[in-house]
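S.K.: Coordinates in structure.cif, mmCIF, C-alpha atoms and all ligand atoms, are listed below.
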data_start
#
loop_
_atom_site.label_atom_id
_atom_site.label_comp_id
_atom_site.auth_asym_id
_atom_site.auth_seq_id
_atom_site.Cartn_x
_atom_site.Cartn_y
_atom_site.Cartn_z
CA MET X 265 -22.94 7.09 10.18
CA LYS X 266 -19.16 7.59 9.87
CA GLU X 267 -18.04 8.49 6.35
CA ARG X 268 -14.97 6.94 4.85
CA SER X 269 -12.97 7.28 1.64
CA ILE X 270 -13.63 5.12 -1.43
CA TYR X 271 -9.86 4.48 -1.57
CA GLU X 272 -10.21 2.37 1.61
CA PHE X 273 -12.17 -0.12 -0.53
CA PRO X 274 -9.98 -0.79 -3.59
CA GLU X 275 -12.22 -3.45 -5.15
CA VAL X 276 -15.26 -1.23 -4.85
CA PHE X 277 -13.30 1.76 -6.16
CA ARG X 278 -12.37 -0.23 -9.25
CA ALA X 279 -15.99 -1.14 -9.93
CA VAL X 280 -17.14 2.47 -9.36
CA HIS X 281 -14.46 4.00 -11.61
CA MET X 282 -14.04 1.43 -14.34
CA GLU X 283 -16.33 2.60 -17.13
CA GLU X 284 -15.99 -0.59 -19.15
CA PRO X 285 -13.89 -3.72 -18.73
CA GLY X 286 -11.13 -3.44 -21.31
CA ASP X 287 -10.59 0.29 -20.78
CA ILE X 288 -7.27 -0.20 -19.03
CA ALA X 289 -5.96 -2.48 -21.79
CA GLU X 290 -6.96 0.12 -24.37
CA GLU X 291 -5.12 2.84 -22.42
CA VAL X 292 -2.01 0.70 -22.08
CA ASP X 293 -2.10 -0.02 -25.79
CA PHE X 294 -2.30 3.70 -26.59
CA LEU X 295 0.55 4.53 -24.19
CA GLN X 296 2.71 1.97 -25.96
CA ARG X 297 1.83 3.45 -29.35
CA VAL X 298 2.78 6.92 -28.06
CA TRP X 299 6.12 5.60 -26.81
CA ALA X 300 6.78 3.90 -30.17
CA ARG X 301 5.94 7.12 -32.00
CA HIS X 302 7.97 9.54 -29.87
CA LEU X 303 10.82 7.52 -28.35
CA LYS X 304 13.64 6.17 -30.43
CA ARG X 305 14.61 3.57 -27.85
CA PRO X 306 12.76 0.66 -26.25
CA VAL X 307 10.83 1.30 -23.05
CA ARG X 308 12.07 -0.99 -20.31
CA ARG X 309 11.31 0.92 -17.10
CA VAL X 310 8.32 3.15 -16.37
CA LEU X 311 6.91 5.16 -13.48
CA ASP X 312 3.14 4.99 -12.77
CA VAL X 313 2.14 8.22 -11.00
CA ALA X 314 -0.86 8.05 -8.60
CA CYS X 315 -0.87 4.37 -9.49
CA GLY X 316 -3.53 3.15 -7.04
CA ASN X 317 -3.29 -0.62 -7.41
CA SER X 318 -1.52 0.02 -10.74
CA PRO X 319 -3.87 -1.77 -13.16
CA HIS X 320 -1.78 -0.37 -16.04
CA GLY X 321 1.43 -1.59 -14.41
CA GLN X 322 -0.05 -5.04 -13.92
CA LEU X 323 -0.51 -5.30 -17.70
CA LEU X 324 2.84 -3.76 -18.60
CA VAL X 325 4.91 -6.06 -16.41
CA ARG X 326 3.46 -9.02 -18.32
CA GLU X 327 5.26 -7.54 -21.32
CA LYS X 328 8.56 -7.53 -19.42
CA ILE X 329 8.46 -3.80 -18.68
CA ALA X 330 9.49 -2.97 -15.09
CA VAL X 331 6.95 -0.67 -13.40
CA THR X 332 7.35 1.45 -10.27
CA GLY X 333 4.19 2.99 -8.85
CA ILE X 334 3.75 5.84 -6.39
CA ASP X 335 0.53 6.61 -4.51
CA ARG X 336 -0.39 8.01 -1.11
CA SER X 337 -3.06 5.44 -0.29
CA PRO X 338 -1.79 2.46 1.74
CA ASP X 339 -4.99 0.55 0.96
CA MET X 340 -4.66 0.96 -2.80
CA ILE X 341 -0.98 0.00 -2.65
CA ALA X 342 -1.76 -3.05 -0.52
CA ALA X 343 -4.35 -4.14 -3.07
CA GLY X 344 -1.84 -3.65 -5.87
CA ARG X 345 0.82 -5.70 -4.06
CA LYS X 346 -1.66 -8.50 -3.47
CA GLU X 347 -2.84 -8.54 -7.08
CA ALA X 348 0.74 -8.37 -8.35
CA ARG X 349 1.97 -11.34 -6.33
CA GLY X 350 4.40 -13.22 -8.52
CA LEU X 351 4.97 -10.20 -10.78
CA GLU X 352 8.46 -9.25 -9.61
CA LYS X 353 8.85 -6.24 -11.85
CA LEU X 354 6.06 -4.25 -10.19
CA THR X 355 7.10 -2.21 -7.14
CA PHE X 356 5.25 0.41 -5.11
CA TYR X 357 6.23 3.39 -2.99
CA LYS X 358 3.85 5.26 -0.72
CA ARG X 359 4.42 8.88 -1.70
CA ASN X 360 2.55 12.14 -2.25
CA ILE X 361 2.67 13.15 -5.88
CA GLU X 362 3.27 16.86 -5.24
CA ARG X 363 6.91 16.41 -4.17
CA PHE X 364 8.58 13.08 -3.96
CA SER X 365 11.82 11.28 -4.34
CA ILE X 366 12.37 7.54 -4.70
CA PRO X 367 15.56 5.49 -4.78
CA ALA X 368 14.93 4.43 -8.40
CA ARG X 369 16.18 6.61 -11.29
CA GLY X 370 16.62 6.44 -15.07
CA PHE X 371 13.03 5.66 -16.15
CA ASP X 372 12.36 5.68 -19.90
CA ALA X 373 8.83 6.99 -19.42
CA ALA X 374 6.27 8.01 -16.82
CA PHE X 375 2.49 8.15 -17.02
CA PHE X 376 -0.34 9.61 -14.97
CA MET X 377 -3.68 8.03 -15.91
CA SER X 378 -7.26 8.31 -14.63
CA GLU X 379 -7.60 12.04 -15.08
CA THR X 380 -6.21 12.76 -11.61
CA PHE X 381 -3.44 15.22 -12.55
CA PRO X 382 -5.71 18.29 -12.04
CA VAL X 383 -5.92 17.59 -8.26
CA MET X 384 -2.80 19.76 -8.07
CA VAL X 385 -4.51 23.12 -7.87
CA GLU X 386 -1.60 25.13 -6.44
CA ASN X 387 1.06 26.42 -8.85
CA ALA X 388 3.90 25.47 -6.49
CA ASP X 389 2.59 21.88 -6.26
CA LEU X 390 2.31 21.59 -10.02
CA LEU X 391 5.88 22.80 -10.61
CA ASP X 392 7.34 20.69 -7.81
CA HIS X 393 5.49 17.68 -9.19
CA LEU X 394 6.92 18.13 -12.69
CA ARG X 395 10.41 18.58 -11.26
CA SER X 396 10.03 15.47 -9.08
CA VAL X 397 9.04 13.37 -12.10
CA ALA X 398 11.79 14.89 -14.24
CA ARG X 399 14.43 13.96 -11.65
CA VAL X 400 13.77 10.25 -12.10
CA LEU X 401 13.35 10.27 -15.90
CA ARG X 402 16.11 9.86 -18.43
CA LYS X 403 16.91 12.83 -20.65
CA GLY X 404 14.50 12.67 -23.61
CA GLY X 405 12.10 10.45 -21.62
CA LEU X 406 8.35 10.91 -21.95
CA TYR X 407 5.73 11.84 -19.38
CA CYS X 408 2.16 11.08 -20.57
CA ILE X 409 -0.70 12.69 -18.68
CA ASP X 410 -4.35 11.74 -19.14
CA ILE X 411 -6.80 14.60 -18.49
CA ASP X 412 -10.59 15.05 -18.76
CA ARG X 413 -11.85 17.54 -21.29
CA HIS X 414 -12.73 20.53 -19.09
CA GLU X 415 -15.24 23.15 -20.10
CA ASN X 416 -17.80 25.48 -18.60
CA VAL X 417 -16.09 25.95 -15.25
CA GLU X 418 -18.84 26.73 -12.84
CA ALA X 419 -17.29 28.97 -10.25
CA HIS X 420 -20.60 30.36 -9.04
CA GLY X 421 -23.79 28.90 -7.68
CA ARG X 422 -24.30 26.06 -5.28
CA ARG X 423 -23.27 22.42 -4.90
CA LYS X 424 -25.22 20.50 -7.46
CA LEU X 425 -25.89 16.89 -8.31
CA TRP X 426 -23.99 16.05 -11.52
CA ARG X 427 -24.58 12.33 -12.06
CA GLU X 428 -26.29 9.49 -10.25
CA ARG X 429 -25.92 5.78 -10.99
CA LYS X 430 -26.00 2.29 -9.51
CA VAL X 431 -23.00 -0.02 -9.84
CA ARG X 432 -23.67 -3.73 -9.66
CA ARG X 433 -20.23 -5.03 -10.62
CA GLY X 434 -17.72 -5.70 -7.86
CA PRO X 435 -18.04 -7.08 -4.34
CA ALA X 436 -21.21 -5.16 -3.36
CA PRO X 437 -23.88 -3.03 -5.04
CA VAL X 438 -23.11 0.69 -4.80
CA ASP X 439 -25.27 3.79 -5.15
CA VAL X 440 -23.04 6.49 -6.61
CA ARG X 441 -23.80 10.20 -6.56
CA GLU X 442 -21.40 12.74 -8.00
CA PHE X 443 -21.66 16.43 -7.15
CA LEU X 444 -19.91 19.54 -8.40
CA ARG X 445 -19.09 22.10 -5.74
CA PRO X 446 -18.02 25.56 -6.79
CA ILE X 447 -15.13 27.40 -5.18
CA GLY X 448 -14.18 31.04 -5.68
CA TRP X 449 -13.82 32.23 -9.29
CA GLN X 450 -10.16 33.04 -8.67
CA ALA X 451 -9.35 29.40 -7.89
CA GLY X 452 -9.71 28.32 -11.54
CA ALA X 453 -10.92 25.04 -10.06
CA TRP X 454 -13.91 23.24 -8.62
CA ILE X 455 -14.50 20.35 -6.26
CA TYR X 456 -15.66 16.96 -7.53
CA GLU X 457 -17.53 15.21 -4.73
CA LEU X 458 -17.94 11.46 -4.94
CA GLU X 459 -20.52 9.93 -2.62
CA CYS X 460 -20.95 6.15 -2.47
CA ALA X 461 -23.34 4.02 -0.44
CA ILE X 462 -21.77 0.55 -0.46
CA HIS X 463 -24.30 -2.13 0.42
CA PHE X 464 -22.27 -4.94 1.96
CA PRO X 465 -24.43 -7.93 3.04
CA GLN X 466 -24.30 -6.98 6.74
CA ARG X 467 -23.97 -3.19 6.60
CA THR X 468 -24.01 -0.12 4.43
CA VAL X 469 -20.85 2.01 4.36
CA MET X 470 -20.94 5.63 3.20
CA THR X 471 -17.88 7.12 1.53
CA ARG X 472 -17.33 10.73 0.54
CA ASP X 473 -14.28 12.06 -1.31
CA LEU X 474 -13.74 15.71 -2.14
CA VAL X 475 -11.39 16.01 -5.09
CA PRO X 476 -10.19 19.43 -6.21
CA VAL X 477 -10.04 19.79 -9.98
CA ARG X 478 -7.93 22.49 -11.54
CA TYR X 479 -9.21 23.77 -14.88
CA THR X 480 -6.61 22.16 -17.14
CA VAL X 481 -6.28 22.47 -20.91
CA PRO X 482 -3.26 21.78 -23.15
CA LYS X 483 -2.14 25.41 -22.96
CA LEU X 484 -1.93 25.21 -19.18
CA LEU X 485 0.16 22.04 -19.37
CA ASP X 486 2.42 23.74 -21.90
CA LEU X 487 2.81 26.74 -19.59
CA ALA X 488 3.50 24.57 -16.54
CA ALA X 489 6.13 22.58 -18.46
CA ARG X 490 7.84 25.79 -19.56
CA ALA X 491 7.69 27.26 -16.05
CA ALA X 492 9.13 24.11 -14.47
CA GLY X 493 11.97 24.29 -16.99
CA VAL X 494 12.36 20.53 -17.18
CA PHE X 495 9.84 19.43 -19.83
CA THR X 496 8.44 20.53 -23.14
CA LEU X 497 4.94 19.65 -24.37
CA ILE X 498 5.40 17.77 -27.64
CA ALA X 499 1.86 16.54 -28.32
CA ALA X 500 -1.74 16.46 -27.08
CA TYR X 501 -3.92 13.60 -28.34
CA ALA X 502 -7.70 13.47 -28.12
CA ASP X 503 -9.65 10.38 -26.99
CA LEU X 504 -6.78 7.88 -27.30
CA SER X 505 -6.36 8.63 -31.00
CA PHE X 506 -3.63 10.10 -33.22
CA ASP X 507 -6.24 11.24 -35.73
CA THR X 508 -8.97 13.05 -33.78
CA PRO X 509 -8.30 16.80 -33.84
CA LEU X 510 -8.18 18.42 -30.41
CA ASP X 511 -11.17 20.62 -31.15
CA GLN X 512 -13.21 17.45 -31.69
CA CYS X 513 -12.08 15.98 -28.39
CA ASP X 514 -15.07 14.33 -26.76
CA ARG X 515 -14.00 13.14 -23.32
CA ARG X 516 -10.28 13.24 -22.54
CA TRP X 517 -6.86 14.14 -23.90
CA LEU X 518 -3.34 12.89 -23.33
CA GLY X 519 -0.57 15.45 -22.89
CA VAL X 520 2.88 14.19 -23.87
CA LEU X 521 5.86 15.92 -22.24
CA ARG X 522 9.47 15.31 -23.14
CA ARG X 523 12.19 15.55 -20.48
CA LEU X 524 14.70 18.25 -21.46
C1 LIG Y 1 -8.65 7.59 -9.68
S1 LIG Y 1 -7.37 6.75 -8.81
C2 LIG Y 1 -6.40 6.11 -10.13
C3 LIG Y 1 -5.52 4.97 -9.79
C4 LIG Y 1 -4.83 4.31 -11.01
N1 LIG Y 1 -3.94 5.20 -11.69
C5 LIG Y 1 -5.84 3.74 -11.96
O1 LIG Y 1 -5.84 4.10 -13.14
O2 LIG Y 1 -6.65 2.92 -11.54
C6 LIG Y 1 -6.45 8.07 -8.20
C7 LIG Y 1 -5.31 7.69 -7.29
O3 LIG Y 1 -4.61 8.89 -7.00
C8 LIG Y 1 -4.15 8.82 -5.67
N2 LIG Y 1 -3.89 10.20 -5.23
C9 LIG Y 1 -4.74 11.26 -5.27
N3 LIG Y 1 -4.13 12.36 -4.82
C10 LIG Y 1 -2.87 12.00 -4.50
C11 LIG Y 1 -1.73 12.70 -3.99
N4 LIG Y 1 -1.81 14.02 -3.72
N5 LIG Y 1 -0.58 12.03 -3.79
C12 LIG Y 1 -0.51 10.69 -4.07
N6 LIG Y 1 -1.55 9.97 -4.55
C13 LIG Y 1 -2.71 10.62 -4.76
C14 LIG Y 1 -5.26 8.12 -4.93
O4 LIG Y 1 -4.79 7.52 -3.72
C15 LIG Y 1 -5.72 7.09 -5.96
O5 LIG Y 1 -5.11 5.85 -5.78
#
Could you show the structure in this file as structure tokens?
Ligand SMILES: C[S@@+](CC[C@H](N)C(=O)[O-])C[C@H]1O[C@@H](n2cnc3c(N)ncnc32)[C@H](O)[C@@H]1O
M.R.:
Amino acid sequence: MKERSIYEFPEVFRAVHMEEPGDIAEEVDFLQRVWARHLKRPVRRVLDVACGNSPHGQLLVREKIAVTGIDRSPDMIAAGRKEARGLEKLTFYKRNIERFSIPARGFDAAFFMSETFPVMVENADLLDHLRSVARVLRKGGLYCIDIDRHENVEAHGRRKLWRERKVRRGPAPVDVREFLRPIGWQAGAWIYELECAIHFPQRTVMTRDLVPVRYTVPKLLDLAARAAGVFTLIAAYADLSFDTPLDQCDRRWLGVLRRL
């Protein structure tokens, strides 16, 4: 059976990845609170990095904020354009995140949600990425990056089953299996393998995505910002809260960079 990518099935992807309905609205709300706290001016234009179908952008444009999304997946972008019909302030560009340029400039803020930032495992990619984002941001603008809490990097051993679940929301039931695959200790990274069996009424489609994950903690983001020379790390917030100390972070943290 030919294996495909989950990103070819945007509606299924959303059901597989969305932990709870309402999560995206909560994330958007926290982003707006971060902007209010750290930016002295109103946010009118934002860049959504690795936007997929830009669920965050779809909420923000309803508040009269113009959103530009970049993503490499034509299927995710097509889904976003379809969902955003009638929402003029949401535009998409098909781009790789590692190095990109777009005609638009002068964004007040950028964000990278869904814990995808660590796919950039090479130093050169990370620095080029930060410089690409900085080029389109206003001076003083913010770049908010949502990252999983990483611990216990397993660089040795064999591929192992991490989690297994069934998803019943969405257009078809899906059996999801997630594996962790080690790579060499010197990589400072591992591979997250997402396997889905999507049971459409007439056929079952298998998808498999191999996502590299660089071990990323606030100190690494701080170092990358300094090395790129275009940002400074001004805050790291745990679990969408201003109050939870970082050492009590349960699941994820948000790095906030300011454009120099
Ligand atoms: C987990 S999805 C998140 C999408 C969206 N931000 C959301 O919250 O629903 C990750 C997205 O990153 C995109 N992506 C992954 N690696 C990429 C790369 N190197 N360049 C551009 N897009 C990439 C995928 O196509 C996918 O749409």
S.K.: Once you count only C-alpha atoms and all ligand atoms, which residues end up within 8 Å of ligand LIG 1 (chain Y), and could you hand them over as an MDAnalysis selection string?
M.R.: chainID X and resid 271 278 281 288 312:320 334:337 340:341 358:362 376:380 383:384
S.K.: If you count all atoms listed in the file, which residues fall within 9 Å of Ala488 of chain X, apart from same-chain ones fewer than 6 positions away, as a list in words?
M.R.: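 Surrounding residues, per the criterion: Asn387, Leu390, Leu391, Leu394 and Phe495 of chain X.
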S.K.: So that I can check the surroundings of Val477 of chain X, please list as a PyMOL selection string every protein, DNA and RNA residue that reaches within 8 Å of it, counting all atoms listed in the file and ignoring chain neighbours fewer than 3 positions away.
M.R.: chain X and resi 382-385+453-456
S.K.: Mind checking which residues fall within 12 Å of Ala492 of chain X, counting only C-alpha atoms, ignoring those fewer than 3 positions away in the same chain, and posting them as a list in words?
M.R.: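 Answer for this query is Asn387, Ala388, Asp389, Leu390, Leu391, Asp392, His393, Leu394, Arg395, Ser396, Val397, Ala398, Arg399, Leu485, Asp486, Leu487, Ala488, Ala489, Phe495, Thr496, Leu497, Leu521, Arg523 and Leu524 of chain X.
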S.K.: One decimal, in Å: what's the spacing between atom CA of Trp299 of chain X and atom CA of Gly286 of chain X?
M.R.: 20.2 Å
S.K.: If you take every atom of segment 283-289 of chain X that the file lists and fit an axis-aligned box around them with 3 Å extra on each side, what centre and edge lengths come out in Å to one decimal, as JSON?
M.R.:
{"center_x": -11.1, "center_y": -0.6, "center_z": -19.5, "size_x": 16.4, "size_y": 12.3, "size_z": 10.7}
S.K.: Determine, using all atoms listed in the file, which residues of segment 368-484 of chain X have any atom at most 10 Å from an atom of segment 502-508 of chain X, and tabulate each with its shortest atom pair and distance in Å to one decimal place, rows ordered by chain and then rising number, as a Markdown table.
M.R.:
| residue | atom | partner | partner_atom | distance |
| --- | --- | --- | --- | --- |
| X:Asp410 | CA | X:Leu504 | CA | 9.3 |
| X:Ile411 | CA | X:Ala502 | CA | 9.7 |
| X:Asp412 | CA | X:Asp503 | CA | 9.5 |
| X:Arg413 | CA | X:Ala502 | CA | 9.0 |
S.K.: Can you tell me how far atom CA of Lys328 of chain X sits from atom CA of Arg308 of chain X, in Å to one decimal?
M.R.: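 Taking atom CA of Lys328 of chain X as the start and atom CA of Arg308 of chain X as the end point, the length is 7.5 Å.
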S.K.: Hey, which of X:Leu303, X:Leu351, X:Val298, X:Ile409 ends up closest to Gly321 of chain X? Count only C-alpha atoms.
M.R.: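 Between X:Leu303, X:Leu351, X:Val298, X:Ile409, the residue approaching Gly321 of chain X most closely is X:Leu351.
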S.K.: For the atom pair atom CA of Phe464 of chain X and atom CA of Ser269 of chain X, what is the interatomic distance in Å to one decimal place?
M.R.: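 Between these atoms lies a distance of 15.4 Å.
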S.K.: So which residues touch Asp372 of chain X within 8 Å, counting only C-alpha atoms, skipping near sequence neighbours fewer than 4 positions away, as JSON, numbers by chain?
M.R.: {"X": [307, 308, 309, 310, 401, 402, 405, 406]}
S.K.: May I ask which of the residues X:Met282, X:Ala348, X:Ala343, X:Ala451 is the closest one to Tyr479 of chain X, counting only C-alpha atoms?
M.R.: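 Among the listed residues, X:Ala451 lies closest to Tyr479 of chain X.
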S.K.: Pick the closest to His414 of chain X from X:Trp517, X:Phe356, X:Phe443, X:Phe375: which is it, counting all atoms listed in the file?
M.R.: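 Closest to His414 of chain X of all the choices is X:Trp517.
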